[in-house]
$ cat coords-v6.cif   # mmCIF, C-alpha atoms
data_data
#
loop_
_atom_site.group_PDB
_atom_site.id
_atom_site.type_symbol
_atom_site.label_atom_id
_atom_site.label_comp_id
_atom_site.auth_asym_id
_atom_site.auth_seq_id
_atom_site.Cartn_x
_atom_site.Cartn_y
_atom_site.Cartn_z
ATOM 1 C CA MET P 1 -11.399 -68.196 -37.406
ATOM 2 C CA THR P 2 -11.357 -69.493 -40.957
ATOM 3 C CA GLY P 3 -12.489 -68.512 -44.424
ATOM 4 C CA CYS P 4 -9.930 -66.242 -46.037
ATOM 5 C CA SER P 5 -10.161 -64.240 -49.242
ATOM 6 C CA ARG P 6 -7.357 -63.016 -51.473
ATOM 7 C CA GLU P 7 -9.496 -61.007 -53.898
ATOM 8 C CA THR P 8 -7.836 -57.676 -53.051
ATOM 9 C CA GLU P 9 -4.670 -56.521 -51.344
ATOM 10 C CA GLU P 10 -6.153 -57.819 -48.093
ATOM 11 C CA ALA P 11 -7.188 -61.194 -46.672
ATOM 12 C CA ALA P 12 -10.193 -61.664 -44.371
ATOM 13 C CA VAL P 13 -10.153 -64.039 -41.398
ATOM 14 C CA VAL P 14 -13.792 -64.506 -40.373
ATOM 15 C CA GLN P 15 -14.947 -65.350 -36.846
ATOM 16 C CA GLN P 16 -16.444 -68.798 -36.414
ATOM 17 C CA PRO P 17 -18.689 -70.266 -33.680
ATOM 18 C CA GLY P 18 -16.581 -70.729 -30.559
ATOM 19 C CA ASP P 19 -14.266 -67.790 -31.302
ATOM 20 C CA PRO P 20 -14.152 -65.055 -28.623
ATOM 21 C CA GLY P 21 -16.621 -62.322 -29.553
ATOM 22 C CA TYR P 22 -18.533 -64.444 -32.063
ATOM 23 C CA ALA P 23 -22.154 -63.287 -32.519
ATOM 24 C CA ALA P 24 -24.647 -65.413 -34.444
ATOM 25 C CA GLY P 25 -25.962 -63.640 -37.523
ATOM 26 C CA GLU P 26 -23.091 -61.137 -37.578
ATOM 27 C CA THR P 27 -19.922 -61.286 -39.642
ATOM 28 C CA HIS P 28 -16.804 -60.046 -37.896
ATOM 29 C CA GLY P 29 -13.122 -60.813 -38.017
ATOM 30 C CA LEU P 30 -9.673 -59.584 -38.977
ATOM 31 C CA ILE P 31 -8.443 -58.147 -42.244
ATOM 32 C CA ALA P 32 -4.730 -58.744 -42.761
ATOM 33 C CA SER P 33 -2.405 -57.116 -45.250
ATOM 34 C CA LYS P 34 -1.362 -59.829 -47.706
ATOM 35 C CA GLN P 35 2.319 -59.012 -47.445
ATOM 36 C CA ASP P 36 4.708 -58.090 -44.654
ATOM 37 C CA MET P 37 5.120 -54.371 -44.060
ATOM 38 C CA LEU P 38 7.806 -52.591 -46.045
ATOM 39 C CA TYR P 39 8.961 -49.092 -45.237
ATOM 40 C CA SER P 40 8.172 -48.251 -48.866
ATOM 41 C CA ASP P 41 4.499 -49.009 -48.081
ATOM 42 C CA VAL P 42 4.298 -45.827 -46.035
ATOM 43 C CA SER P 43 6.929 -43.508 -47.527
ATOM 44 C CA SER P 44 8.755 -42.887 -50.776
ATOM 45 C CA VAL P 45 11.705 -41.089 -49.155
ATOM 46 C CA ASP P 46 14.713 -42.590 -47.447
ATOM 47 C CA PRO P 47 14.223 -43.151 -43.710
ATOM 48 C CA ASP P 48 15.748 -40.599 -41.337
ATOM 49 C CA THR P 49 18.740 -42.253 -39.681
ATOM 50 C CA ARG P 50 18.476 -39.771 -36.776
ATOM 51 C CA ASP P 51 15.106 -41.183 -35.738
ATOM 52 C CA PRO P 52 15.645 -43.269 -32.558
ATOM 53 C CA SER P 53 13.445 -46.032 -33.976
ATOM 54 C CA TYR P 54 15.505 -46.318 -37.172
ATOM 55 C CA SER P 55 17.010 -49.714 -37.932
ATOM 56 C CA ASP P 56 19.933 -50.340 -40.296
ATOM 57 C CA SER P 57 17.845 -53.089 -41.879
ATOM 58 C CA MET P 58 15.607 -50.406 -43.434
ATOM 59 C CA ARG P 59 18.264 -49.236 -45.899
ATOM 60 C CA ARG P 60 17.064 -49.299 -49.493
ATOM 61 C CA GLU P 61 20.017 -51.301 -50.806
ATOM 62 C CA ASP P 62 19.060 -54.239 -48.584
ATOM 63 C CA ASN P 63 15.913 -54.950 -50.584
ATOM 64 C CA GLU P 64 15.501 -54.438 -54.333
ATOM 65 C CA GLU P 65 11.697 -54.272 -54.073
ATOM 66 C CA GLY P 66 11.530 -51.825 -51.178
ATOM 67 C CA PHE P 67 12.943 -51.150 -47.757
ATOM 68 C CA VAL P 68 13.504 -54.310 -45.749
ATOM 69 C CA ASN P 69 10.447 -55.495 -43.848
ATOM 70 C CA VAL P 70 11.805 -55.655 -40.296
ATOM 71 C CA PHE P 71 11.161 -53.038 -37.614
ATOM 72 C CA ARG P 72 11.805 -52.419 -33.931
ATOM 73 C CA TRP P 73 8.984 -52.567 -31.396
ATOM 74 C CA SER P 74 10.414 -49.406 -29.844
ATOM 75 C CA THR P 75 13.883 -47.871 -30.361
ATOM 76 C CA SER P 76 17.531 -48.798 -30.678
ATOM 77 C CA SER P 77 18.589 -47.328 -27.312
ATOM 78 C CA GLU P 78 19.468 -49.722 -24.492
ATOM 79 C CA ASP P 79 20.400 -46.860 -22.113
ATOM 80 C CA PRO P 80 17.856 -46.718 -19.242
ATOM 81 C CA ALA P 81 18.732 -43.044 -18.730
ATOM 82 C CA SER P 82 18.009 -42.118 -22.339
ATOM 83 C CA PRO P 83 14.704 -40.377 -23.141
ATOM 84 C CA HIS P 84 14.603 -42.791 -26.081
ATOM 85 C CA ASN P 85 15.014 -45.893 -23.924
ATOM 86 C CA ALA P 86 13.786 -48.941 -25.834
ATOM 87 C CA ARG P 87 12.479 -50.582 -22.688
ATOM 88 C CA LYS P 88 10.005 -48.059 -21.346
ATOM 89 C CA PRO P 89 6.886 -49.704 -19.912
ATOM 90 C CA VAL P 90 3.734 -49.407 -22.011
ATOM 91 C CA PRO P 91 0.859 -49.712 -19.533
ATOM 92 C CA GLY P 92 -2.357 -51.426 -20.500
ATOM 93 C CA THR P 93 -1.446 -53.737 -23.370
ATOM 94 C CA LEU P 94 -3.427 -56.979 -23.454
ATOM 95 C CA THR P 95 -3.097 -60.265 -25.337
ATOM 96 C CA ALA P 96 -6.678 -61.167 -26.291
ATOM 97 C CA LEU P 97 -8.438 -61.018 -29.643
ATOM 98 C CA GLY P 98 -9.828 -57.539 -30.179
ATOM 99 C CA THR P 99 -7.168 -55.708 -28.175
ATOM 100 C CA GLY P 100 -4.557 -54.961 -30.842
ATOM 101 C CA ALA P 101 -5.902 -51.514 -31.727
ATOM 102 C CA VAL P 102 -5.951 -50.430 -28.073
ATOM 103 C CA ASN P 103 -2.459 -51.870 -27.586
ATOM 104 C CA SER P 104 -1.162 -49.995 -30.625
ATOM 105 C CA ALA P 105 -2.621 -46.731 -29.327
ATOM 106 C CA ALA P 106 -0.901 -47.361 -25.989
ATOM 107 C CA ILE P 107 2.442 -47.929 -27.734
ATOM 108 C CA LEU P 108 2.036 -44.734 -29.757
ATOM 109 C CA ALA P 109 1.274 -42.812 -26.556
ATOM 110 C CA VAL P 110 4.664 -43.844 -25.115
ATOM 111 C CA TYR P 111 6.528 -43.747 -28.447
ATOM 112 C CA PRO P 112 4.625 -41.039 -30.388
ATOM 113 C CA LYS P 113 4.750 -41.373 -34.149
ATOM 114 C CA GLY P 114 5.959 -37.799 -34.593
ATOM 115 C CA ALA P 115 9.229 -38.714 -32.848
ATOM 116 C CA TYR P 116 9.384 -42.467 -33.559
ATOM 117 C CA ARG P 117 8.164 -43.035 -37.114
ATOM 118 C CA TYR P 118 9.589 -46.504 -37.650
ATOM 119 C CA THR P 119 8.296 -48.554 -34.725
ATOM 120 C CA ALA P 120 6.197 -51.584 -35.645
ATOM 121 C CA ALA P 121 3.061 -49.844 -34.321
ATOM 122 C CA ALA P 122 3.835 -46.609 -36.183
ATOM 123 C CA ILE P 123 4.402 -48.426 -39.475
ATOM 124 C CA CYS P 124 1.029 -50.175 -39.148
ATOM 125 C CA ASP P 125 -0.670 -46.929 -38.131
ATOM 126 C CA SER P 126 0.750 -45.199 -41.235
ATOM 127 C CA TYR P 127 -0.278 -47.971 -43.615
ATOM 128 C CA GLN P 128 -3.153 -47.415 -46.074
ATOM 129 C CA SER P 129 -4.799 -50.001 -48.322
ATOM 130 C CA GLU P 130 -8.094 -50.246 -50.182
ATOM 131 C CA GLY P 131 -8.997 -46.800 -48.823
ATOM 132 C CA TYR P 132 -8.676 -47.876 -45.168
ATOM 133 C CA THR P 133 -6.396 -46.158 -42.672
ATOM 134 C CA ASP P 134 -7.387 -47.989 -39.456
ATOM 135 C CA TRP P 135 -4.574 -50.542 -39.509
ATOM 136 C CA TYR P 136 -2.770 -51.606 -36.352
ATOM 137 C CA LEU P 137 -0.228 -54.051 -34.933
ATOM 138 C CA PRO P 138 -2.044 -57.259 -33.889
ATOM 139 C CA SER P 139 -2.231 -58.444 -30.288
ATOM 140 C CA LYS P 140 -0.584 -61.716 -29.248
ATOM 141 C CA ASP P 141 -3.785 -63.722 -29.820
ATOM 142 C CA GLU P 142 -4.613 -61.892 -33.064
ATOM 143 C CA LEU P 143 -1.129 -62.700 -34.313
ATOM 144 C CA ASN P 144 -1.707 -66.348 -33.419
ATOM 145 C CA THR P 145 -4.956 -66.227 -35.429
ATOM 146 C CA LEU P 146 -2.898 -65.110 -38.430
ATOM 147 C CA TYR P 147 -0.496 -67.980 -37.788
ATOM 148 C CA GLU P 148 -3.366 -70.482 -37.662
ATOM 149 C CA ASN P 149 -4.634 -69.109 -40.994
ATOM 150 C CA ARG P 150 -1.173 -68.484 -42.493
ATOM 151 C CA ASP P 151 -1.708 -70.596 -45.607
ATOM 152 C CA ALA P 152 -4.975 -68.875 -46.503
ATOM 153 C CA VAL P 153 -3.722 -65.356 -45.709
ATOM 154 C CA GLY P 154 -0.369 -65.988 -47.410
ATOM 155 C CA GLY P 155 2.866 -64.078 -47.790
ATOM 156 C CA PHE P 156 4.409 -64.935 -44.422
ATOM 157 C CA ALA P 157 8.087 -65.721 -43.967
ATOM 158 C CA VAL P 158 8.352 -69.421 -43.255
ATOM 159 C CA ASN P 159 11.696 -71.159 -42.834
ATOM 160 C CA VAL P 160 13.776 -68.299 -44.238
ATOM 161 C CA ASP P 161 15.839 -69.152 -41.211
ATOM 162 C CA TYR P 162 14.530 -69.596 -37.686
ATOM 163 C CA TRP P 163 15.218 -66.062 -36.436
ATOM 164 C CA SER P 164 13.923 -64.452 -39.623
ATOM 165 C CA ASP P 165 10.464 -66.010 -39.273
ATOM 166 C CA PHE P 166 9.332 -63.959 -36.257
ATOM 167 C CA TYR P 167 6.577 -61.327 -36.290
ATOM 168 C CA TRP P 168 5.805 -58.654 -33.709
ATOM 169 C CA SER P 169 2.604 -58.447 -31.700
ATOM 170 C CA SER P 170 1.462 -55.305 -29.888
ATOM 171 C CA SER P 171 1.330 -57.139 -26.532
ATOM 172 C CA GLU P 172 4.026 -56.239 -24.030
ATOM 173 C CA SER P 173 5.421 -59.114 -21.967
ATOM 174 C CA SER P 174 7.626 -57.000 -19.654
ATOM 175 C CA ASP P 175 9.123 -53.509 -19.598
ATOM 176 C CA GLY P 176 11.897 -54.640 -21.917
ATOM 177 C CA ASP P 177 10.117 -57.256 -24.012
ATOM 178 C CA ALA P 178 7.063 -57.810 -26.188
ATOM 179 C CA TRP P 179 5.439 -60.946 -27.558
ATOM 180 C CA SER P 180 6.384 -62.193 -30.999
ATOM 181 C CA GLN P 181 5.594 -65.368 -32.927
ATOM 182 C CA ASN P 182 7.611 -67.614 -35.164
ATOM 183 C CA PHE P 183 5.607 -68.531 -38.274
ATOM 184 C CA PHE P 184 7.585 -71.695 -38.958
ATOM 185 C CA ASP P 185 6.596 -73.556 -35.785
ATOM 186 C CA GLY P 186 4.058 -71.229 -34.119
ATOM 187 C CA PHE P 187 6.197 -70.651 -31.026
ATOM 188 C CA GLN P 188 5.372 -67.388 -29.210
ATOM 189 C CA TYR P 189 8.470 -65.779 -27.788
ATOM 190 C CA SER P 190 9.141 -62.770 -25.555
ATOM 191 C CA ASN P 191 11.494 -60.653 -27.664
ATOM 192 C CA PHE P 192 13.657 -57.626 -26.792
ATOM 193 C CA LYS P 193 11.822 -54.484 -27.893
ATOM 194 C CA ASP P 194 14.916 -53.121 -29.649
ATOM 195 C CA ASN P 195 15.160 -56.168 -31.938
ATOM 196 C CA SER P 196 14.121 -55.732 -35.569
ATOM 197 C CA ILE P 197 11.686 -58.374 -36.842
ATOM 198 C CA ARG P 198 8.809 -58.693 -39.309
ATOM 199 C CA VAL P 199 5.463 -56.890 -39.104
ATOM 200 C CA ARG P 200 2.024 -57.635 -40.534
ATOM 201 C CA ALA P 201 -0.751 -55.019 -40.244
ATOM 202 C CA VAL P 202 -4.366 -55.884 -39.461
ATOM 203 C CA ARG P 203 -7.728 -54.158 -39.078
ATOM 204 C CA THR P 204 -11.109 -55.385 -37.874
ATOM 205 C CA PHE P 205 -14.506 -55.568 -39.531
#

$ encode --input "coords-v6.cif" --output "structure tokens"
Amino acid sequence: MTGCSRETEEAAVVQQPGDPGYAAGETHGLIASKQDMLYSDVSSVDPDTRDPSYSDSMRREDNEEGFVNVFRWSTSSEDPASPHNARKPVPGTLTALGTGAVNSAAILAVYPKGAYRYTAAAICDSYQSEGYTDWYLPSKDELNTLYENRDAVGGFAVNVDYWSDFYWSSSESSDGDAWSQNFFDGFQYSNFKDNSIRVRAVRTF
């Protein structure tokens, strides 16, 4: 996928011949938010520290321009006996292009937004831009498409420091882990679901 636009608050990544799902004569692809998600993108009130998906990194004082842009894939609880266990299995997530929306719905079924407002999937689901509300957390391969087009899409953390350059995908790799990607070197890494890392929302067209 190539051919990105920065005319609005979004950037388009258009399917090219050879891409999975490409159809001659049709224009399809991903729309990416041009900046990493901030909690202030979805709410103007302080986050609820009692929410099991809350992360200390979301405190307002950590970021002068908004709440810090790192979120958990699930929750902060490492207790397997807890109803808020961070490492519950999320059945049915896939890695391919075109599966991020289904993955995100699967995550929200296990970690419903009413109880877990600050998961990476919930933040994307709550995001609105240019009148659209159908944003979601990209799959592993969709996230890699953003990496491949990172210069054209723009706004990604690159070489802040190695562990600060990771972004979540919506693809689970095991009960306790999900796929993430480092935008400095492109490495895809299975990351603990209770870790807090960066998030970029996408939608399809």

$ closest_residue --input "coords-v6.cif" --among "P:Asn69, P:Ser57, P:Ser139, P:Asn195" --to "Asp41 of chain P" --atoms "only C-alpha atoms"
P:Asn69

$ closest_residue --input "coords-v6.cif" --among "P:Phe184, P:Trp179, P:Tyr127, P:Tyr118" --to "Asp165 of chain P" --atoms "all atoms listed in the file"
P:Phe184

$ residues_near_point --input "coords-v6.cif" --point "(-6.6, -51.7, -46.1)" --cutoff "10 Å" --atoms "only C-alpha atoms" --output "list in words"
Thr8, Glu9, Glu10, Ala11, Ile31, Ala32, Ser33, Lys34, Tyr127, Gln128, Ser129, Glu130, Gly131, Tyr132, Thr133, Asp134, Trp135, Ala201, Val202 and Arg203 of chain P

$ closest_residue --input "coords-v6.cif" --among "P:Val199, P:Ala96, P:Cys124, P:Leu143" --to "Phe71 of chain P" --atoms "only C-alpha atoms"
P:Val199

$ resolve_selection --input "coords-v6.cif" --expression "the PyMOL selection byres ((chain P and resi 189-194) around 7)" --output "VMD selection string"
chain P and resid 72 to 76 86 to 87 173 176 to 181 187 to 188 195 to 196

$ residues_near_point --input "coords-v6.cif" --point "(7.0, -46.8, -43.3)" --cutoff "12 Å" --atoms "all atoms listed in the file" --output "ChimeraX atom specification"
/P:36-48,53-55,58-59,66-72,113,116-128,199,201

$ closest_residue --input "coords-v6.cif" --among "P:Thr204, P:Asn159, P:Asn182, P:Ser171" --to "Gly92 of chain P" --atoms "all atoms listed in the file"
P:Ser171

$ atom_distance --input "coords-v6.cif" --atom1 "atom CA of Lys88 of chain P" --atom2 "atom CA of Gly114 of chain P"
17.2 Å

$ closest_residue --input "coords-v6.cif" --among "P:Pro89, P:Gly100, P:Gln35, P:Ala106" --to "Glu142 of chain P" --atoms "all atoms listed in the file"
P:Gly100

$ resolve_selection --input "coords-v6.cif" --expression "the PyMOL selection byres ((chain P and resi 97) around 10)" --output "mmCIF file with C-alpha atoms, keeping the file's coordinate frame"
data_model
loop_
_atom_site.group_PDB
_atom_site.id
_atom_site.type_symbol
_atom_site.label_atom_id
_atom_site.label_comp_id
_atom_site.auth_asym_id
_atom_site.auth_seq_id
_atom_site.Cartn_x
_atom_site.Cartn_y
_atom_site.Cartn_z
ATOM 1 C CA ASP P 19 -14.266 -67.790 -31.302
ATOM 2 C CA PRO P 20 -14.152 -65.055 -28.623
ATOM 3 C CA GLY P 21 -16.621 -62.322 -29.553
ATOM 4 C CA GLY P 29 -13.122 -60.813 -38.017
ATOM 5 C CA LEU P 30 -9.673 -59.584 -38.977
ATOM 6 C CA LEU P 94 -3.427 -56.979 -23.454
ATOM 7 C CA THR P 95 -3.097 -60.265 -25.337
ATOM 8 C CA ALA P 96 -6.678 -61.167 -26.291
ATOM 9 C CA GLY P 98 -9.828 -57.539 -30.179
ATOM 10 C CA THR P 99 -7.168 -55.708 -28.175
ATOM 11 C CA GLY P 100 -4.557 -54.961 -30.842
ATOM 12 C CA PRO P 138 -2.044 -57.259 -33.889
ATOM 13 C CA SER P 139 -2.231 -58.444 -30.288
ATOM 14 C CA LYS P 140 -0.584 -61.716 -29.248
ATOM 15 C CA ASP P 141 -3.785 -63.722 -29.820
ATOM 16 C CA GLU P 142 -4.613 -61.892 -33.064
ATOM 17 C CA LEU P 143 -1.129 -62.700 -34.313
ATOM 18 C CA ASN P 144 -1.707 -66.348 -33.419
ATOM 19 C CA THR P 145 -4.956 -66.227 -35.429
#

$ atom_distance --input "coords-v6.cif" --atom1 "atom CA of Trp168 of chain P" --atom2 "atom CA of Ile197 of chain P"
6.7 Å

$ atom_distance --input "coords-v6.cif" --atom1 "atom CA of Val102 of chain P" --atom2 "atom CA of Asp56 of chain P"
28.6 Å

$ closest_residue --input "coords-v6.cif" --among "P:Tyr147, P:Val90, P:Ser82, P:Trp163" --to "Asn103 of chain P" --atoms "only C-alpha atoms"
P:Val90
